[in-house]
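Novice: For reference, this is target05.cif, and it has mmCIF, C-alpha atoms and all ligand atoms.
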data_start
#
loop_
_atom_site.group_PDB
_atom_site.id
_atom_site.type_symbol
_atom_site.label_atom_id
_atom_site.label_comp_id
_atom_site.auth_asym_id
_atom_site.auth_seq_id
_atom_site.Cartn_x
_atom_site.Cartn_y
_atom_site.Cartn_z
ATOM 1 C CA MET A 1 77.463 -7.709 160.131
ATOM 2 C CA GLU A 2 79.054 -11.129 159.774
ATOM 3 C CA ASP A 3 75.554 -12.650 159.734
ATOM 4 C CA ILE A 4 74.508 -10.477 156.781
ATOM 5 C CA GLU A 5 77.694 -11.358 154.881
ATOM 6 C CA HIS A 6 77.048 -15.019 155.623
ATOM 7 C CA ILE A 7 73.438 -14.773 154.350
ATOM 8 C CA GLU A 8 74.611 -12.957 151.199
ATOM 9 C CA LYS A 9 77.190 -15.683 150.546
ATOM 10 C CA GLU A 10 74.632 -18.428 151.098
ATOM 11 C CA MET A 11 71.941 -16.752 148.980
ATOM 12 C CA LYS A 12 71.588 -18.614 145.704
ATOM 13 C CA LEU A 13 70.407 -16.506 142.788
ATOM 14 C CA ILE A 14 70.547 -19.319 140.257
ATOM 15 C CA ASN A 15 68.780 -22.639 140.867
ATOM 16 C CA SER A 16 70.268 -26.064 140.204
ATOM 17 C CA ASP A 17 68.370 -26.184 136.888
ATOM 18 C CA GLY A 18 70.177 -23.021 135.731
ATOM 19 C CA ARG A 19 67.080 -20.817 136.107
ATOM 20 C CA ARG A 20 67.111 -17.536 137.993
ATOM 21 C CA LEU A 21 64.822 -16.952 141.016
ATOM 22 C CA ASP A 22 62.126 -15.379 138.797
ATOM 23 C CA GLY A 23 62.306 -18.342 136.403
ATOM 24 C CA ARG A 24 64.276 -16.635 133.642
ATOM 25 C CA SER A 25 67.220 -18.099 131.798
ATOM 26 C CA PHE A 26 70.533 -16.177 131.779
ATOM 27 C CA ASP A 27 69.755 -14.418 128.476
ATOM 28 C CA GLU A 28 66.086 -13.643 129.081
ATOM 29 C CA LEU A 29 64.639 -10.145 129.413
ATOM 30 C CA ARG A 30 61.877 -9.290 131.859
ATOM 31 C CA PRO A 31 58.544 -8.561 130.115
ATOM 32 C CA ILE A 32 58.520 -5.095 128.513
ATOM 33 C CA ARG A 33 55.531 -2.982 127.442
ATOM 34 C CA ILE A 34 55.906 0.461 125.878
ATOM 35 C CA GLU A 35 53.187 2.967 125.056
ATOM 36 C CA ALA A 36 53.781 6.243 123.205
ATOM 37 C CA GLY A 37 51.849 9.504 123.538
ATOM 38 C CA VAL A 38 50.341 9.047 126.994
ATOM 39 C CA LEU A 39 50.449 12.683 128.211
ATOM 40 C CA ARG A 40 48.357 15.366 126.549
ATOM 41 C CA ARG A 41 50.303 18.437 127.742
ATOM 42 C CA ALA A 42 53.786 17.209 126.809
ATOM 43 C CA ASP A 43 55.151 17.599 123.266
ATOM 44 C CA GLY A 44 56.030 13.917 123.392
ATOM 45 C CA SER A 45 55.647 11.193 125.986
ATOM 46 C CA ALA A 46 55.937 7.490 126.663
ATOM 47 C CA TYR A 47 55.243 4.995 129.423
ATOM 48 C CA ILE A 48 57.221 1.826 129.970
ATOM 49 C CA GLU A 49 56.710 -1.200 132.161
ATOM 50 C CA TRP A 50 59.845 -3.292 132.350
ATOM 51 C CA GLY A 51 59.546 -6.147 134.836
ATOM 52 C CA GLY A 52 58.667 -4.390 138.103
ATOM 53 C CA ASN A 53 59.702 -0.960 136.800
ATOM 54 C CA LYS A 54 57.045 1.596 135.857
ATOM 55 C CA VAL A 55 58.450 4.757 134.304
ATOM 56 C CA LEU A 56 56.972 7.810 132.564
ATOM 57 C CA ALA A 57 58.932 10.025 130.183
ATOM 58 C CA ALA A 58 57.858 13.464 128.944
ATOM 59 C CA VAL A 59 59.611 15.704 126.413
ATOM 60 C CA TYR A 60 59.195 19.452 125.907
ATOM 61 C CA GLY A 61 60.810 21.405 123.095
ATOM 62 C CA PRO A 62 62.842 22.372 121.287
ATOM 63 C CA ARG A 63 61.844 25.577 123.148
ATOM 64 C CA GLU A 64 63.669 28.781 124.094
ATOM 65 C CA ALA A 65 66.331 27.836 126.655
ATOM 66 C CA HIS A 66 65.975 29.398 130.106
ATOM 67 C CA PRO A 67 67.831 30.868 131.905
ATOM 68 C CA ARG A 68 69.076 32.727 128.832
ATOM 69 C CA HIS A 69 72.748 32.639 129.779
ATOM 70 C CA LEU A 70 72.603 28.866 129.178
ATOM 71 C CA GLN A 71 71.597 29.352 125.541
ATOM 72 C CA ASP A 72 74.045 28.126 122.931
ATOM 73 C CA PRO A 73 73.874 30.274 119.756
ATOM 74 C CA ALA A 74 75.017 27.300 117.660
ATOM 75 C CA ARG A 75 72.923 24.418 118.956
ATOM 76 C CA ALA A 76 70.179 23.163 121.243
ATOM 77 C CA LEU A 77 70.812 21.978 124.795
ATOM 78 C CA VAL A 78 69.590 18.511 125.628
ATOM 79 C CA GLN A 79 68.663 18.416 129.303
ATOM 80 C CA CYS A 80 67.324 15.537 131.345
ATOM 81 C CA ARG A 81 65.839 15.273 134.808
ATOM 82 C CA TYR A 82 65.573 11.757 136.219
ATOM 83 C CA ASN A 83 63.438 11.596 139.326
ATOM 84 C CA MET A 84 62.288 8.789 141.591
ATOM 85 C CA ALA A 85 58.921 9.143 143.266
ATOM 86 C CA PRO A 86 59.131 8.760 147.062
ATOM 87 C CA PHE A 87 56.784 5.760 146.803
ATOM 88 C CA SER A 88 58.721 4.055 144.001
ATOM 89 C CA VAL A 89 60.985 2.013 146.292
ATOM 90 C CA SER A 90 60.390 -0.148 149.352
ATOM 91 C CA ASP A 91 62.050 2.320 151.777
ATOM 92 C CA ARG A 92 60.486 5.739 151.144
ATOM 93 C CA LYS A 93 62.869 7.817 149.033
ATOM 94 C CA ARG A 94 63.491 11.350 150.236
ATOM 95 C CA PRO A 95 61.945 13.664 147.593
ATOM 96 C CA GLY A 96 64.213 15.834 145.474
ATOM 97 C CA PRO A 97 67.526 15.392 143.687
ATOM 98 C CA ASP A 98 70.338 13.357 145.231
ATOM 99 C CA ARG A 99 73.797 12.349 144.031
ATOM 100 C CA ARG A 100 72.435 9.295 142.227
ATOM 101 C CA SER A 101 69.648 11.128 140.346
ATOM 102 C CA VAL A 102 72.041 13.924 139.307
ATOM 103 C CA GLU A 103 74.434 11.300 137.909
ATOM 104 C CA ILE A 104 71.700 9.426 136.042
ATOM 105 C CA SER A 105 70.266 12.687 134.620
ATOM 106 C CA LYS A 106 73.743 13.629 133.390
ATOM 107 C CA VAL A 107 74.550 10.345 131.658
ATOM 108 C CA ILE A 108 71.113 10.183 130.017
ATOM 109 C CA SER A 109 71.288 13.758 128.700
ATOM 110 C CA GLU A 110 74.773 13.008 127.296
ATOM 111 C CA ALA A 111 73.429 9.866 125.590
ATOM 112 C CA PHE A 112 70.700 11.852 123.831
ATOM 113 C CA SER A 113 73.025 14.770 123.040
ATOM 114 C CA SER A 114 74.843 12.527 120.615
ATOM 115 C CA VAL A 115 71.736 11.605 118.591
ATOM 116 C CA VAL A 116 69.602 14.771 118.537
ATOM 117 C CA PHE A 117 70.309 17.085 115.558
ATOM 118 C CA LYS A 118 71.088 19.965 117.912
ATOM 119 C CA GLU A 119 72.491 22.294 115.228
ATOM 120 C CA GLN A 120 68.994 22.651 113.752
ATOM 121 C CA PHE A 121 67.697 24.420 116.881
ATOM 122 C CA PRO A 122 70.141 27.076 118.160
ATOM 123 C CA ARG A 123 69.347 28.820 121.462
ATOM 124 C CA THR A 124 66.743 26.230 122.415
ATOM 125 C CA SER A 125 66.562 23.378 124.854
ATOM 126 C CA VAL A 126 65.051 19.939 124.575
ATOM 127 C CA ASP A 127 63.885 18.997 128.054
ATOM 128 C CA ILE A 128 63.438 15.359 129.004
ATOM 129 C CA PHE A 129 61.694 14.386 132.230
ATOM 130 C CA ILE A 130 61.894 10.835 133.523
ATOM 131 C CA GLU A 131 59.660 9.935 136.445
ATOM 132 C CA VAL A 132 60.174 6.564 138.086
ATOM 133 C CA LEU A 133 56.851 5.506 139.618
ATOM 134 C CA GLN A 134 57.958 2.017 140.633
ATOM 135 C CA ALA A 135 61.535 0.786 140.745
ATOM 136 C CA ASP A 136 62.904 -2.726 140.489
ATOM 137 C CA ALA A 137 66.486 -2.229 139.205
ATOM 138 C CA GLY A 138 67.345 -1.081 135.705
ATOM 139 C CA THR A 139 65.380 2.164 135.987
ATOM 140 C CA ARG A 140 67.977 4.190 134.045
ATOM 141 C CA CYS A 141 67.693 1.724 131.136
ATOM 142 C CA ALA A 142 63.899 1.744 131.291
ATOM 143 C CA GLY A 143 63.817 5.566 131.584
ATOM 144 C CA LEU A 144 66.224 6.061 128.705
ATOM 145 C CA THR A 145 64.325 3.626 126.484
ATOM 146 C CA ALA A 146 61.017 5.391 127.231
ATOM 147 C CA ALA A 147 62.552 8.874 126.806
ATOM 148 C CA SER A 148 63.790 7.875 123.386
ATOM 149 C CA VAL A 149 60.224 7.012 122.319
ATOM 150 C CA ALA A 150 58.986 10.275 123.880
ATOM 151 C CA LEU A 151 61.566 12.261 121.866
ATOM 152 C CA ALA A 152 60.394 10.604 118.661
ATOM 153 C CA ASP A 153 56.777 11.223 119.687
ATOM 154 C CA ALA A 154 57.653 14.927 120.116
ATOM 155 C CA GLY A 155 59.038 14.946 116.577
ATOM 156 C CA VAL A 156 62.561 15.893 117.696
ATOM 157 C CA PRO A 157 64.894 15.110 114.764
ATOM 158 C CA MET A 158 67.360 12.359 115.774
ATOM 159 C CA ARG A 159 69.863 10.082 114.049
ATOM 160 C CA ASP A 160 67.991 7.100 115.489
ATOM 161 C CA LEU A 161 66.263 5.950 118.655
ATOM 162 C CA VAL A 162 68.509 5.086 121.605
ATOM 163 C CA THR A 163 67.955 1.692 123.206
ATOM 164 C CA SER A 164 69.237 0.650 126.587
ATOM 165 C CA CYS A 165 69.715 -2.531 128.571
ATOM 166 C CA ALA A 166 71.933 -3.860 131.377
ATOM 167 C CA SER A 167 73.735 -7.132 131.971
ATOM 168 C CA GLY A 168 75.577 -8.249 135.061
ATOM 169 C CA LYS A 169 77.005 -11.146 137.006
ATOM 170 C CA ILE A 170 75.159 -13.242 139.586
ATOM 171 C CA ASP A 171 76.530 -16.419 141.192
ATOM 172 C CA ASP A 172 79.492 -16.132 138.782
ATOM 173 C CA VAL A 173 77.180 -16.316 135.745
ATOM 174 C CA VAL A 174 76.860 -13.415 133.314
ATOM 175 C CA CYS A 175 73.126 -12.664 132.987
ATOM 176 C CA LEU A 176 70.930 -10.217 131.118
ATOM 177 C CA ASP A 177 68.707 -7.575 132.745
ATOM 178 C CA LEU A 178 69.126 -7.999 136.522
ATOM 179 C CA ASN A 179 66.126 -7.483 138.782
ATOM 180 C CA LYS A 180 66.286 -5.876 142.225
ATOM 181 C CA ASP A 181 67.388 -8.967 144.195
ATOM 182 C CA GLU A 182 69.964 -9.838 141.559
ATOM 183 C CA ASP A 183 71.221 -6.244 141.570
ATOM 184 C CA ASN A 184 71.425 -6.200 145.388
ATOM 185 C CA PHE A 185 73.018 -9.593 145.912
ATOM 186 C CA GLY A 186 74.811 -10.038 142.585
ATOM 187 C CA ASP A 187 78.458 -9.284 141.798
ATOM 188 C CA ALA A 188 78.209 -6.687 139.017
ATOM 189 C CA ASP A 189 75.794 -4.668 136.889
ATOM 190 C CA CYS A 190 76.699 -3.005 133.613
ATOM 191 C CA PRO A 191 74.063 -0.754 132.012
ATOM 192 C CA MET A 192 74.624 0.396 128.430
ATOM 193 C CA ALA A 193 72.775 2.289 125.704
ATOM 194 C CA ILE A 194 73.290 1.957 122.000
ATOM 195 C CA VAL A 195 72.241 3.666 118.778
ATOM 196 C CA PRO A 196 71.022 0.526 117.004
ATOM 197 C CA ARG A 197 71.471 1.821 113.450
ATOM 198 C CA THR A 198 75.111 2.857 113.874
ATOM 199 C CA GLY A 199 76.119 0.571 116.740
ATOM 200 C CA ASP A 200 77.500 3.571 118.684
ATOM 201 C CA VAL A 201 77.533 3.030 122.446
ATOM 202 C CA VAL A 202 76.274 6.252 124.062
ATOM 203 C CA LEU A 203 76.130 5.119 127.697
ATOM 204 C CA LEU A 204 78.269 2.590 129.502
ATOM 205 C CA GLN A 205 78.570 2.217 133.256
ATOM 206 C CA MET A 206 79.724 -0.494 135.604
ATOM 207 C CA ASP A 207 78.873 -1.256 139.202
ATOM 208 C CA GLY A 208 81.095 -4.083 140.526
ATOM 209 C CA HIS A 209 83.774 -6.042 138.722
ATOM 210 C CA LEU A 210 83.812 -8.114 135.534
ATOM 211 C CA THR A 211 86.803 -9.737 133.884
ATOM 212 C CA TYR A 212 87.492 -8.835 130.260
ATOM 213 C CA ASP A 213 85.789 -12.029 129.028
ATOM 214 C CA GLU A 214 82.777 -11.510 131.302
ATOM 215 C CA PHE A 215 82.500 -7.922 130.094
ATOM 216 C CA GLN A 216 82.549 -9.090 126.455
ATOM 217 C CA LYS A 217 79.850 -11.623 127.234
ATOM 218 C CA ALA A 218 77.726 -9.043 129.087
ATOM 219 C CA MET A 219 78.020 -6.597 126.168
ATOM 220 C CA GLY A 220 77.065 -9.365 123.746
ATOM 221 C CA LEU A 221 73.931 -10.182 125.766
ATOM 222 C CA SER A 222 72.954 -6.498 126.042
ATOM 223 C CA ILE A 223 73.544 -5.728 122.361
ATOM 224 C CA ASP A 224 71.446 -8.728 121.387
ATOM 225 C CA ALA A 225 68.642 -7.621 123.729
ATOM 226 C CA THR A 226 68.670 -4.031 122.443
ATOM 227 C CA LYS A 227 67.698 -5.371 119.017
ATOM 228 C CA ARG A 228 64.513 -6.829 120.529
ATOM 229 C CA ILE A 229 63.822 -3.699 122.612
ATOM 230 C CA TYR A 230 64.387 -1.467 119.548
ATOM 231 C CA GLU A 231 61.584 -3.330 117.767
ATOM 232 C CA MET A 232 59.304 -2.766 120.781
ATOM 233 C CA GLN A 233 60.083 0.975 120.673
ATOM 234 C CA ARG A 234 59.301 1.131 116.965
ATOM 235 C CA ASP A 235 56.103 -0.876 117.504
ATOM 236 C CA ALA A 236 54.952 1.594 120.169
ATOM 237 C CA LEU A 237 55.477 4.470 117.717
ATOM 238 C CA ARG A 238 53.761 2.565 114.907
ATOM 239 C CA ARG A 239 50.741 1.886 117.131
ATOM 240 C CA ARG A 240 50.595 5.590 118.000
ATOM 241 C CA TYR A 241 50.815 6.864 114.446
ATOM 242 C CA SER A 242 49.435 4.140 112.223
ATOM 243 C CA VAL A 243 45.937 4.986 111.090
ATOM 244 C CA THR A 244 43.586 2.158 110.261
ATOM 245 C CA LEU A 245 40.592 2.393 107.947
ATOM 246 C CA GLU A 246 38.459 1.919 111.073
ATOM 247 C CA ASP A 247 40.015 5.067 112.666
ATOM 248 C CA ILE A 248 39.332 7.103 109.525
ATOM 249 C CA LEU A 249 35.709 6.004 109.479
ATOM 250 C CA LYS A 250 35.386 6.813 113.211
ATOM 251 C CA GLU A 251 36.768 10.356 112.638
ATOM 252 C CA ALA A 252 34.774 11.050 109.468
ATOM 253 C CA PRO A 253 31.454 12.967 109.820
ATOM 254 C CA PRO A 254 28.428 10.662 109.570
ATOM 255 C CA ALA A 255 27.530 10.049 105.969
ATOM 256 C CA ALA A 256 24.433 12.024 104.873
ATOM 257 C CA ALA A 257 21.322 9.898 104.270
ATOM 258 C CA PRO A 258 20.775 9.304 100.560
ATOM 259 C CA VAL A 259 18.386 11.914 99.169
ATOM 260 C CA GLU A 260 15.296 10.462 97.530
ATOM 261 C CA PRO A 261 14.701 12.136 94.131
ATOM 262 C CA GLU A 262 11.606 14.357 94.196
ATOM 263 C CA PRO A 263 8.752 12.921 92.094
ATOM 264 C CA GLU A 264 8.724 14.848 88.870
ATOM 265 C CA GLN A 265 5.940 17.509 88.732
ATOM 266 C CA PRO A 266 4.146 17.891 85.409
ATOM 267 C CA ARG A 267 5.192 21.134 83.738
ATOM 268 C CA GLU A 268 2.506 23.528 82.548
ATOM 269 C CA ASP A 269 3.325 22.847 78.946
ATOM 270 C CA ASP A 270 3.526 19.138 79.581
ATOM 271 C CA PHE A 271 0.059 18.026 78.532
ATOM 272 C CA GLY A 272 0.792 14.375 78.111
ATOM 273 C CA PRO A 273 -0.489 12.252 75.344
ATOM 274 C CA GLU A 274 -4.149 12.988 76.073
ATOM 275 C CA GLY A 275 -3.591 16.710 76.890
ATOM 276 C CA ILE A 276 -3.679 17.894 73.382
HETATM 277 O O1 LIG B 301 67.728 1.619 138.731
HETATM 278 P P1 LIG B 301 69.135 1.434 138.237
HETATM 279 O O2 LIG B 301 69.518 -0.017 138.181
HETATM 280 O O3 LIG B 301 69.376 2.147 136.952
HETATM 281 O O4 LIG B 301 70.084 2.160 139.278
HETATM 282 P P2 LIG B 301 70.777 1.610 140.613
HETATM 283 O O5 LIG B 301 71.393 2.804 141.288
HETATM 284 O O6 LIG B 301 71.664 0.461 140.302
HETATM 285 O O7 LIG B 301 69.567 1.141 141.518
HETATM 286 C C1 LIG B 301 69.103 -0.179 141.501
HETATM 287 C C2 LIG B 301 67.784 -0.259 142.203
HETATM 288 O O8 LIG B 301 67.933 0.019 143.582
HETATM 289 C C3 LIG B 301 66.743 0.737 141.741
HETATM 290 O O9 LIG B 301 66.143 0.396 140.525
HETATM 291 C C4 LIG B 301 65.769 0.666 142.883
HETATM 292 O O10 LIG B 301 64.925 -0.477 142.771
HETATM 293 C C5 LIG B 301 66.698 0.504 144.083
HETATM 294 N N1 LIG B 301 66.883 1.780 144.796
HETATM 295 C C6 LIG B 301 66.235 1.938 146.014
HETATM 296 O O11 LIG B 301 65.564 1.011 146.478
HETATM 297 N N2 LIG B 301 66.333 3.144 146.668
HETATM 298 C C7 LIG B 301 67.045 4.168 146.161
HETATM 299 N N3 LIG B 301 67.139 5.322 146.820
HETATM 300 C C8 LIG B 301 67.700 4.002 144.927
HETATM 301 C C9 LIG B 301 67.589 2.796 144.272
#
Before we go any further, please render this structure as structure tokens.
Specialist:
Amino acid sequence: MEDIEHIEKEMKLINSDGRRLDGRSFDELRPIRIEAGVLRRADGSAYIEWGGNKVLAAVYGPREAHPRHLQDPARALVQCRYNMAPFSVSDRKRPGPDRRSVEISKVISEAFSSVVFKEQFPRTSVDIFIEVLQADAGTRCAGLTAASVALADAGVPMRDLVTSCASGKIDDVVCLDLNKDEDNFGDADCPMAIVPRTGDVVLLQMDGHLTYDEFQKAMGLSIDATKRIYEMQRDALRRRYSVTLEDILKEAPPAAAPVEPEPEQPREDDFGPEGI
């Protein structure tokens, strides 16, 4: 036990040149790629790769809420199920819900509850499924960011997209977007989600300890990053729905070959100049 504590203390997460072990600076995000509309059977869907995270989000609804006793006659329910595939982590994860996945599902559904126009769809539910295929820390942020694109892809009316990111502290330095090693051996991690248009914070959690100043700095880094991630979400939706002239031509039926005009036949009464 003492050995492990000793190794953890000795483990340097920031090099002498100020770079993190994966080469990033303190305010650098891992590479992010978002694609909208990846599942045919869902009403809306999205796939995100965020560093080593690979996460799928699918949205169904608004549809009649079941079981019926859960129905709210005044508004829709927004429900989320976050799930980690058994093969998504280095030690096999036992399939099925656990305390952690129930907590993450709850905080994500609460985040979306505050942006979806629920009053427009009484007695229904909007069901969000988040499937983590590969995990490398920050899966709730990646899942929430993808689910937001999936909700928009499903056409669910919302105040705005929700964008999420985490910041934390490693080697006494406040850093953006911790990866797995930084999350494991760092001092704190603070995931948040924001409604970029209004600035409302709809998710805020903390694992570890930050002083007031460190917390302010972490929030500043995350808020700044959400602006960049928001643009990536919008780009994914634009790519899905923007139609180019090339697409229109591809969809259009092949143009009919131009019809050659029939050579004119002489009419019976058309005797020509020498016919008379
Ligand atoms: O993923 P996120 O940072 O939102 O949540 P976390 O509870 O702080 O988990 C951090 C990371 O620990 C996950 O992203 C996984 O890479 C890893 N983890 C794991 O290896 N096995 C689990 N049963 C749960 C999490």
Novice: Residues near Val38 of chain A, anyone? I mean within 12 Å using all atoms listed in the file, not counting same-chain ones fewer than 2 positions away, as a ChimeraX atom specification.
Specialist: /A:34-36,40-48,55-59,146,149-150,153-154,236-237,240
Novice: What residues have any atom no more than 7 Å from ligand LIG 301 (chain B) when counting all atoms listed in the file, and can you list them as a count of residues only?
Specialist: 14
Novice: Compare A:Pro261, A:Gly199, A:Gly168, A:Gly18 by their minimum atom-to-atom distance to Asn184 of chain A, counting only C-alpha atoms, and give me the closest one.
Specialist: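 So, comparing all the options, the nearest one is A:Gly168.
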Novice: Between A:Gly143, A:Pro95, A:Val174, A:Ser125, single out the one closest to Gln216 of chain A, counting all atoms listed in the file.
Specialist: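 Checking each candidate against Gln216 of chain A, we get A:Val174 as the closest.
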Novice: For the atom pair atom CA of Arg81 of chain A and atom CA of Ile130 of chain A, what is the interatomic distance in Å to one decimal place?
Specialist: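 Rounded to one decimal, the two atoms are 6.1 Å apart.
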Novice: Given only C-alpha atoms as the basis, pick out the residue of A:Tyr60, A:Tyr241, A:Leu161, A:Gln233 nearest to Phe129 of chain A.
Specialist: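 Among A:Tyr60, A:Tyr241, A:Leu161, A:Gln233, it is A:Tyr60 that comes nearest to Phe129 of chain A.
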Novice: Taking into account all atoms listed in the file, which residue in the set A:Gln79, A:Gln205, A:Thr211, A:Ser164 is nearest to Ile128 of chain A?
Specialist: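 Once distances to Ile128 of chain A are computed over all atoms listed in the file, the minimum belongs to A:Gln79.
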Novice: Here's the selection I'm unsure about, the PyMOL selection byres (((chain A and resi 172) around 10) and not hetatm); applied to the file above, which residues does it give, as a list of chain:residue names?
Specialist: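 Checking the PyMOL selection byres (((chain A and resi 172) around 10) and not hetatm) against this file, the residues are A:Leu13, A:Ile14, A:Gly168, A:Lys169, A:Ile170, A:Asp171, A:Val173, A:Val174, A:Cys175, A:Gly186, A:Asp187, A:Ala188, A:Leu210, A:Glu214.
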Novice: Which polymer residues have any atom within 9 Å of an atom of Thr226 of chain A, counting only C-alpha atoms, with same-chain residues fewer than 4 positions away left out, as a list in words?
Specialist: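 Skipping anything fewer than 4 positions along the chain leaves Thr163, Ser164, Cys165, Ala193, Ile194, Pro196, Leu221, Ser222, Tyr230 and Glu231 of chain A.
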Novice: One decimal, Å: what's the distance from atom CA of Asp224 of chain A over to atom CA of Ser242 of chain A, could you say?
Specialist: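 Between atom CA of Asp224 of chain A and atom CA of Ser242 of chain A the gap works out to 27.1 Å.
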Novice: Take every atom of segment 229-234 of chain A listed in the file, fit an axis-aligned box around them, add 6 Å per side, and give the centre and edge lengths in Å to one decimal as lines of an AutoDock Vina configuration file.
Specialist:
center_x = 61.8
center_y = -1.3
center_z = 119.8
size_x = 17.1
size_y = 16.8
size_z = 17.6
Novice: Pick from A:Arg94, A:Arg30, A:Lys106, A:Lys54: nearest to Gln134 of chain A, with all atoms listed in the file counted?
Specialist: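 Checking each of A:Arg94, A:Arg30, A:Lys106, A:Lys54 against Gln134 of chain A, counting all atoms listed in the file, the winner is A:Lys54.
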Novice: For the structure shown, which residues end up in the PyMOL selection byres (((chain A and resi 111) around 9) and not hetatm)? Put them as a PyMOL selection string, please?
Specialist: chain A and resi 106-110+112-115+144+162+193-194+201-203
Novice: What is the atom CA of Gly155 of chain A-atom CA of Ser88 of chain A distance in Å, reported with one decimal?
Specialist: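 Separation between atom CA of Gly155 of chain A and atom CA of Ser88 of chain A: 29.5 Å.
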